[in-house]
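Everything below belongs to query-v7.pdb, which stores PDB, C-alpha atoms.
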ATOM      1  CA  MET D   1      60.860 210.768  84.261  1.00  0.00           C
ATOM      2  CA  ALA D   2      62.083 211.560  80.724  1.00  0.00           C
ATOM      3  CA  ALA D   3      64.910 209.686  79.046  1.00  0.00           C
ATOM      4  CA  PRO D   4      68.263 211.475  79.482  1.00  0.00           C
ATOM      5  CA  GLY D   5      68.909 211.732  75.740  1.00  0.00           C
ATOM      6  CA  GLY D   6      65.372 212.812  74.880  1.00  0.00           C
ATOM      7  CA  ALA D   7      66.097 216.541  74.983  1.00  0.00           C
ATOM      8  CA  LEU D   8      69.198 216.124  72.831  1.00  0.00           C
ATOM      9  CA  LEU D   9      67.294 214.088  70.241  1.00  0.00           C
ATOM     10  CA  PHE D  10      64.553 216.726  70.236  1.00  0.00           C
ATOM     11  CA  VAL D  11      67.082 219.496  69.549  1.00  0.00           C
ATOM     12  CA  ILE D  12      68.755 217.433  66.804  1.00  0.00           C
ATOM     13  CA  GLY D  13      65.354 216.778  65.222  1.00  0.00           C
ATOM     14  CA  LEU D  14      64.542 220.502  65.254  1.00  0.00           C
ATOM     15  CA  PHE D  15      67.928 221.252  63.708  1.00  0.00           C
ATOM     16  CA  ILE D  16      67.335 218.787  60.860  1.00  0.00           C
ATOM     17  CA  VAL D  17      63.807 220.110  60.220  1.00  0.00           C
ATOM     18  CA  ARG D  18      65.063 223.716  60.093  1.00  0.00           C
ATOM     19  CA  ASN D  19      68.095 222.863  57.894  1.00  0.00           C
ATOM     20  CA  PRO D  20      67.159 219.814  55.786  1.00  0.00           C
ATOM     21  CA  VAL D  21      70.124 220.126  53.403  1.00  0.00           C
ATOM     22  CA  LEU D  22      72.605 220.295  56.264  1.00  0.00           C
ATOM     23  CA  GLY D  23      70.709 217.469  57.993  1.00  0.00           C
ATOM     24  CA  ALA D  24      70.965 215.311  54.855  1.00  0.00           C
ATOM     25  CA  ALA D  25      74.693 216.037  54.645  1.00  0.00           C
ATOM     26  CA  THR D  26      75.154 215.111  58.290  1.00  0.00           C
ATOM     27  CA  LEU D  27      73.204 211.887  57.882  1.00  0.00           C
ATOM     28  CA  THR D  28      75.274 211.069  54.786  1.00  0.00           C
ATOM     29  CA  LEU D  29      78.530 211.456  56.712  1.00  0.00           C
ATOM     30  CA  LEU D  30      77.125 209.373  59.546  1.00  0.00           C
ATOM     31  CA  ALA D  31      75.952 206.628  57.177  1.00  0.00           C
ATOM     32  CA  GLY D  32      79.317 206.537  55.364  1.00  0.00           C
ATOM     33  CA  SER D  33      81.145 206.263  58.662  1.00  0.00           C
ATOM     34  CA  LEU D  34      78.809 203.503  59.840  1.00  0.00           C
ATOM     35  CA  PHE D  35      79.251 201.555  56.580  1.00  0.00           C
ATOM     36  CA  PHE D  36      83.025 201.792  56.952  1.00  0.00           C
ATOM     37  CA  ALA D  37      83.068 200.880  60.649  1.00  0.00           C
ATOM     38  CA  SER D  38      80.689 197.932  60.231  1.00  0.00           C
ATOM     39  CA  GLY D  39      82.800 196.661  57.325  1.00  0.00           C
ATOM     40  CA  LEU D  40      85.953 196.779  59.425  1.00  0.00           C
ATOM     41  CA  THR D  41      84.149 194.997  62.241  1.00  0.00           C
ATOM     42  CA  ARG D  42      82.971 192.250  59.892  1.00  0.00           C
ATOM     43  CA  ILE D  43      86.450 191.731  58.472  1.00  0.00           C
ATOM     44  CA  VAL D  44      87.956 191.439  61.966  1.00  0.00           C
ATOM     45  CA  THR D  45      85.170 189.003  62.888  1.00  0.00           C
ATOM     46  CA  ALA D  46      85.810 186.962  59.731  1.00  0.00           C
ATOM     47  CA  VAL D  47      89.512 186.686  60.527  1.00  0.00           C
ATOM     48  CA  GLN D  48      88.784 185.490  64.073  1.00  0.00           C
ATOM     49  CA  SER D  49      85.969 183.089  63.147  1.00  0.00           C
ATOM     50  CA  SER D  50      86.238 179.762  61.381  1.00  0.00           C
ATOM     51  CA  GLN D  51      82.588 179.430  60.371  1.00  0.00           C
ATOM     52  CA  SER D  52      81.247 181.335  57.362  1.00  0.00           C
ATOM     53  CA  ARG D  53      84.542 183.180  57.048  1.00  0.00           C
ATOM     54  CA  TRP D  54      84.272 184.023  53.336  1.00  0.00           C
ATOM     55  CA  ILE D  55      80.680 185.199  53.500  1.00  0.00           C
ATOM     56  CA  VAL D  56      81.365 187.592  56.366  1.00  0.00           C
ATOM     57  CA  LEU D  57      84.599 188.742  54.695  1.00  0.00           C
ATOM     58  CA  ILE D  58      82.779 189.572  51.441  1.00  0.00           C
ATOM     59  CA  SER D  59      80.038 191.367  53.361  1.00  0.00           C
ATOM     60  CA  GLY D  60      82.667 193.425  55.186  1.00  0.00           C
ATOM     61  CA  ALA D  61      84.422 194.307  51.941  1.00  0.00           C
ATOM     62  CA  VAL D  62      81.149 195.505  50.391  1.00  0.00           C
ATOM     63  CA  SER D  63      80.422 197.652  53.453  1.00  0.00           C
ATOM     64  CA  ILE D  64      83.906 199.182  53.379  1.00  0.00           C
ATOM     65  CA  LEU D  65      83.593 199.943  49.661  1.00  0.00           C
ATOM     66  CA  LEU D  66      80.217 201.623  50.238  1.00  0.00           C
ATOM     67  CA  GLY D  67      81.647 203.649  53.112  1.00  0.00           C
ATOM     68  CA  VAL D  68      84.650 204.778  51.061  1.00  0.00           C
ATOM     69  CA  TRP D  69      82.385 205.697  48.126  1.00  0.00           C
ATOM     70  CA  VAL D  70      80.137 207.775  50.385  1.00  0.00           C
ATOM     71  CA  LEU D  71      83.017 209.577  52.075  1.00  0.00           C
ATOM     72  CA  PHE D  72      84.916 210.364  48.838  1.00  0.00           C
ATOM     73  CA  ASN D  73      81.860 211.185  46.654  1.00  0.00           C
ATOM     74  CA  PHE D  74      80.027 213.242  49.222  1.00  0.00           C
ATOM     75  CA  LYS D  75      77.848 215.396  46.928  1.00  0.00           C
ATOM     76  CA  ALA D  76      76.654 212.473  44.819  1.00  0.00           C
ATOM     77  CA  ALA D  77      76.125 210.321  47.903  1.00  0.00           C
ATOM     78  CA  THR D  78      73.987 212.961  49.605  1.00  0.00           C
ATOM     79  CA  VAL D  79      71.508 212.847  46.721  1.00  0.00           C
ATOM     80  CA  SER D  80      71.404 209.080  46.239  1.00  0.00           C
ATOM     81  CA  LEU D  81      72.332 207.685  49.643  1.00  0.00           C
ATOM     82  CA  LEU D  82      69.026 206.808  51.232  1.00  0.00           C
ATOM     83  CA  GLY D  83      67.594 205.025  48.219  1.00  0.00           C
ATOM     84  CA  THR D  84      70.487 203.257  46.605  1.00  0.00           C
ATOM     85  CA  LEU D  85      73.141 202.618  49.219  1.00  0.00           C
ATOM     86  CA  LEU D  86      70.820 201.682  52.045  1.00  0.00           C
ATOM     87  CA  GLY D  87      69.021 199.340  49.651  1.00  0.00           C
ATOM     88  CA  ILE D  88      72.313 197.654  48.724  1.00  0.00           C
ATOM     89  CA  GLN D  89      73.330 197.412  52.370  1.00  0.00           C
ATOM     90  CA  THR D  90      69.971 195.872  53.282  1.00  0.00           C
ATOM     91  CA  LEU D  91      70.275 193.297  50.483  1.00  0.00           C
ATOM     92  CA  VAL D  92      73.798 192.353  51.596  1.00  0.00           C
ATOM     93  CA  GLU D  93      72.659 192.108  55.235  1.00  0.00           C
ATOM     94  CA  GLY D  94      69.755 189.861  54.268  1.00  0.00           C
ATOM     95  CA  MET D  95      71.923 187.591  52.141  1.00  0.00           C
ATOM     96  CA  LEU D  96      74.493 187.395  54.933  1.00  0.00           C
ATOM     97  CA  LEU D  97      71.908 186.450  57.543  1.00  0.00           C
ATOM     98  CA  ILE D  98      70.342 183.836  55.254  1.00  0.00           C
ATOM     99  CA  ALA D  99      73.732 182.318  54.384  1.00  0.00           C
ATOM    100  CA  VAL D 100      74.972 182.254  57.982  1.00  0.00           C
ATOM    101  CA  GLY D 101      71.671 180.742  59.117  1.00  0.00           C
ATOM    102  CA  ARG D 102      71.918 177.983  56.531  1.00  0.00           C
ATOM    103  CA  LEU D 103      75.595 177.245  57.238  1.00  0.00           C
ATOM    104  CA  ARG D 104      75.492 177.139  61.014  1.00  0.00           C
ATOM    105  CA  PRO D 105      75.892 173.681  62.527  1.00  0.00           C
ATOM    106  CA  THR D 106      72.719 171.940  63.586  1.00  0.00           C
ATOM    107  CA  VAL D 107      72.257 170.680  67.103  1.00  0.00           C
ATOM    108  CA  GLU D 108      71.263 167.043  67.293  1.00  0.00           C
ATOM    109  CA  ALA D 109      68.666 165.917  69.802  1.00  0.00           C
ATOM    110  CA  PRO D 110      70.156 163.933  72.681  1.00  0.00           C
ATOM    111  CA  LYS D 111      69.863 160.175  72.221  1.00  0.00           C
ATOM    112  CA  GLU D 112      67.733 158.317  74.687  1.00  0.00           C
ATOM    113  CA  ALA D 113      69.453 155.875  76.988  1.00  0.00           C
ATOM    114  CA  PRO D 114      68.480 152.236  76.439  1.00  0.00           C
ATOM    115  CA  ALA D 115      65.851 150.958  78.861  1.00  0.00           C
ATOM    116  CA  THR D 116      67.166 148.555  81.485  1.00  0.00           C
TER     117      THR D 116
END

Just give me the structure as structure tokens.
Amino acid sequence: MAAPGGALLFVIGLFIVRNPVLGAATLTLLAGSLFFASGLTRIVTAVQSSQSRWIVLISGAVSILLGVWVLFNFKAATVSLLGTLLGIQTLVEGMLLIAVGRLRPTVEAPKEAPAT
């Protein structure tokens, strides 16, 4: 049995292949919206969390700025989006994951009970 969304993805893929400029514009709008939404999510998470608050807050601010830039500079973003902005986003994601991984509390091994 085929996946329920398989036919829809097939039609979308055909649409993008037949109209690559319109497909690039659509993907640019989608990427800008995703940058903005993920930035808002990170900022809300940073406000609610006590660990690594500033790192997540900065990451969210960068994502929101990228999303706003894409949505307000649509023509320029369509040309440069995949190379530049996704590269920046990937670098920020990597730095965030490294920093959060290094700052998370370590779990100590349980101490053995004294022999009786």

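Using all atoms listed in the file, the smallest distance between any of D:Leu40, D:Leu81, D:Val68, D:Val56 and Val100 of chain D comes from D:Val56.
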
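Using only C-alpha atoms, the smallest distance between any of D:Ala99, D:Leu66, D:Gly13, D:Leu91 and Ser33 of chain D comes from D:Leu66.
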
Applying the PyMOL selection byres ((chain D and resi 61) around 12) to the file I just gave you, which residues come out? Please list them as a PyMOL selection string. chain D and resi 35-44+46+54-60+62-68+89+92

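Residues matched by the PyMOL selection byres ((chain D and resi 16-26) around 9) in this file are D:Val11, D:Ile12, D:Gly13, D:Leu14, D:Phe15, D:Leu27, D:Thr28, D:Leu29, D:Leu30, D:Ala31, D:Phe74, D:Lys75, D:Ala77, D:Thr78, D:Val79.
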
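With atom CA of Thr45 of chain D on one side and atom CA of Ile88 of chain D on the other, the separation reads 21.0 Å.
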
To test the calculation: enclose all listed atoms of segment 52-71 of chain D in a box whose edges run along x, y and z, add 4 Å on each side, then state centre and edge lengths in Å to one decimal, as AutoDock Vina command-line options.
--center_x 82.3 --center_y 195.5 --center_z 52.7 --size_x 12.6 --size_y 36.2 --size_z 17.2

N, CA, C and O atoms for segment 34-53 of chain D, written as a PDB file, in the coordinates of the input, could you do that?
ATOM      1  N   LEU D  34      79.351 204.769  59.328  1.00  0.00           N
ATOM      2  CA  LEU D  34      78.809 203.503  59.840  1.00  0.00           C
ATOM      3  C   LEU D  34      79.061 202.350  58.878  1.00  0.00           C
ATOM      4  O   LEU D  34      79.369 201.239  59.309  1.00  0.00           O
ATOM      5  N   PHE D  35      78.927 202.596  57.558  1.00  0.00           N
ATOM      6  CA  PHE D  35      79.251 201.555  56.580  1.00  0.00           C
ATOM      7  C   PHE D  35      80.699 201.115  56.755  1.00  0.00           C
ATOM      8  O   PHE D  35      81.004 199.927  56.791  1.00  0.00           O
ATOM      9  N   PHE D  36      81.595 202.091  56.841  1.00  0.00           N
ATOM     10  CA  PHE D  36      83.025 201.792  56.952  1.00  0.00           C
ATOM     11  C   PHE D  36      83.333 201.036  58.237  1.00  0.00           C
ATOM     12  O   PHE D  36      84.037 200.023  58.224  1.00  0.00           O
ATOM     13  N   ALA D  37      82.797 201.516  59.354  1.00  0.00           N
ATOM     14  CA  ALA D  37      83.068 200.880  60.649  1.00  0.00           C
ATOM     15  C   ALA D  37      82.489 199.469  60.720  1.00  0.00           C
ATOM     16  O   ALA D  37      83.139 198.547  61.234  1.00  0.00           O
ATOM     17  N   SER D  38      81.276 199.282  60.196  1.00  0.00           N
ATOM     18  CA  SER D  38      80.689 197.932  60.231  1.00  0.00           C
ATOM     19  C   SER D  38      81.462 196.983  59.314  1.00  0.00           C
ATOM     20  O   SER D  38      81.600 195.798  59.618  1.00  0.00           O
ATOM     21  N   GLY D  39      81.982 197.491  58.207  1.00  0.00           N
ATOM     22  CA  GLY D  39      82.800 196.661  57.325  1.00  0.00           C
ATOM     23  C   GLY D  39      84.080 196.217  58.001  1.00  0.00           C
ATOM     24  O   GLY D  39      84.473 195.048  57.903  1.00  0.00           O
ATOM     25  N   LEU D  40      84.744 197.153  58.688  1.00  0.00           N
ATOM     26  CA  LEU D  40      85.953 196.779  59.425  1.00  0.00           C
ATOM     27  C   LEU D  40      85.651 195.751  60.509  1.00  0.00           C
ATOM     28  O   LEU D  40      86.412 194.795  60.704  1.00  0.00           O
ATOM     29  N   THR D  41      84.540 195.939  61.195  1.00  0.00           N
ATOM     30  CA  THR D  41      84.149 194.997  62.241  1.00  0.00           C
ATOM     31  C   THR D  41      83.901 193.611  61.664  1.00  0.00           C
ATOM     32  O   THR D  41      84.318 192.600  62.240  1.00  0.00           O
ATOM     33  N   ARG D  42      83.239 193.554  60.516  1.00  0.00           N
ATOM     34  CA  ARG D  42      82.971 192.250  59.892  1.00  0.00           C
ATOM     35  C   ARG D  42      84.260 191.571  59.457  1.00  0.00           C
ATOM     36  O   ARG D  42      84.394 190.353  59.577  1.00  0.00           O
ATOM     37  N   ILE D  43      85.188 192.334  58.917  1.00  0.00           N
ATOM     38  CA  ILE D  43      86.450 191.731  58.472  1.00  0.00           C
ATOM     39  C   ILE D  43      87.234 191.190  59.662  1.00  0.00           C
ATOM     40  O   ILE D  43      87.774 190.087  59.607  1.00  0.00           O
ATOM     41  N   VAL D  44      87.277 191.930  60.759  1.00  0.00           N
ATOM     42  CA  VAL D  44      87.956 191.439  61.966  1.00  0.00           C
ATOM     43  C   VAL D  44      87.255 190.178  62.475  1.00  0.00           C
ATOM     44  O   VAL D  44      87.907 189.203  62.858  1.00  0.00           O
ATOM     45  N   THR D  45      85.925 190.183  62.458  1.00  0.00           N
ATOM     46  CA  THR D  45      85.170 189.003  62.888  1.00  0.00           C
ATOM     47  C   THR D  45      85.456 187.812  61.985  1.00  0.00           C
ATOM     48  O   THR D  45      85.602 186.687  62.458  1.00  0.00           O
ATOM     49  N   ALA D  46      85.546 188.052  60.674  1.00  0.00           N
ATOM     50  CA  ALA D  46      85.810 186.962  59.731  1.00  0.00           C
ATOM     51  C   ALA D  46      87.192 186.359  59.961  1.00  0.00           C
ATOM     52  O   ALA D  46      87.371 185.146  59.854  1.00  0.00           O
ATOM     53  N   VAL D  47      88.158 187.194  60.289  1.00  0.00           N
ATOM     54  CA  VAL D  47      89.512 186.686  60.527  1.00  0.00           C
ATOM     55  C   VAL D  47      89.553 185.831  61.788  1.00  0.00           C
ATOM     56  O   VAL D  47      90.240 184.823  61.850  1.00  0.00           O
ATOM     57  N   GLN D  48      88.771 186.209  62.801  1.00  0.00           N
ATOM     58  CA  GLN D  48      88.784 185.490  64.073  1.00  0.00           C
ATOM     59  C   GLN D  48      87.885 184.260  64.071  1.00  0.00           C
ATOM     60  O   GLN D  48      88.038 183.394  64.915  1.00  0.00           O
ATOM     61  N   SER D  49      86.934 184.181  63.157  1.00  0.00           N
ATOM     62  CA  SER D  49      85.969 183.089  63.147  1.00  0.00           C
ATOM     63  C   SER D  49      86.362 182.047  62.111  1.00  0.00           C
ATOM     64  O   SER D  49      86.977 182.349  61.101  1.00  0.00           O
ATOM     65  N   SER D  50      85.964 180.811  62.364  1.00  0.00           N
ATOM     66  CA  SER D  50      86.238 179.762  61.381  1.00  0.00           C
ATOM     67  C   SER D  50      84.998 179.411  60.565  1.00  0.00           C
ATOM     68  O   SER D  50      85.108 178.860  59.486  1.00  0.00           O
ATOM     69  N   GLN D  51      83.828 179.748  61.076  1.00  0.00           N
ATOM     70  CA  GLN D  51      82.588 179.430  60.371  1.00  0.00           C
ATOM     71  C   GLN D  51      82.168 180.607  59.499  1.00  0.00           C
ATOM     72  O   GLN D  51      82.213 181.754  59.917  1.00  0.00           O
ATOM     73  N   SER D  52      81.765 180.330  58.294  1.00  0.00           N
ATOM     74  CA  SER D  52      81.247 181.335  57.362  1.00  0.00           C
ATOM     75  C   SER D  52      82.238 182.466  57.133  1.00  0.00           C
ATOM     76  O   SER D  52      81.845 183.611  56.945  1.00  0.00           O
ATOM     77  N   ARG D  53      83.504 182.155  57.152  1.00  0.00           N
ATOM     78  CA  ARG D  53      84.542 183.180  57.048  1.00  0.00           C
ATOM     79  C   ARG D  53      84.424 183.986  55.760  1.00  0.00           C
ATOM     80  O   ARG D  53      84.454 185.211  55.783  1.00  0.00           O
TER      81      ARG D  53
END
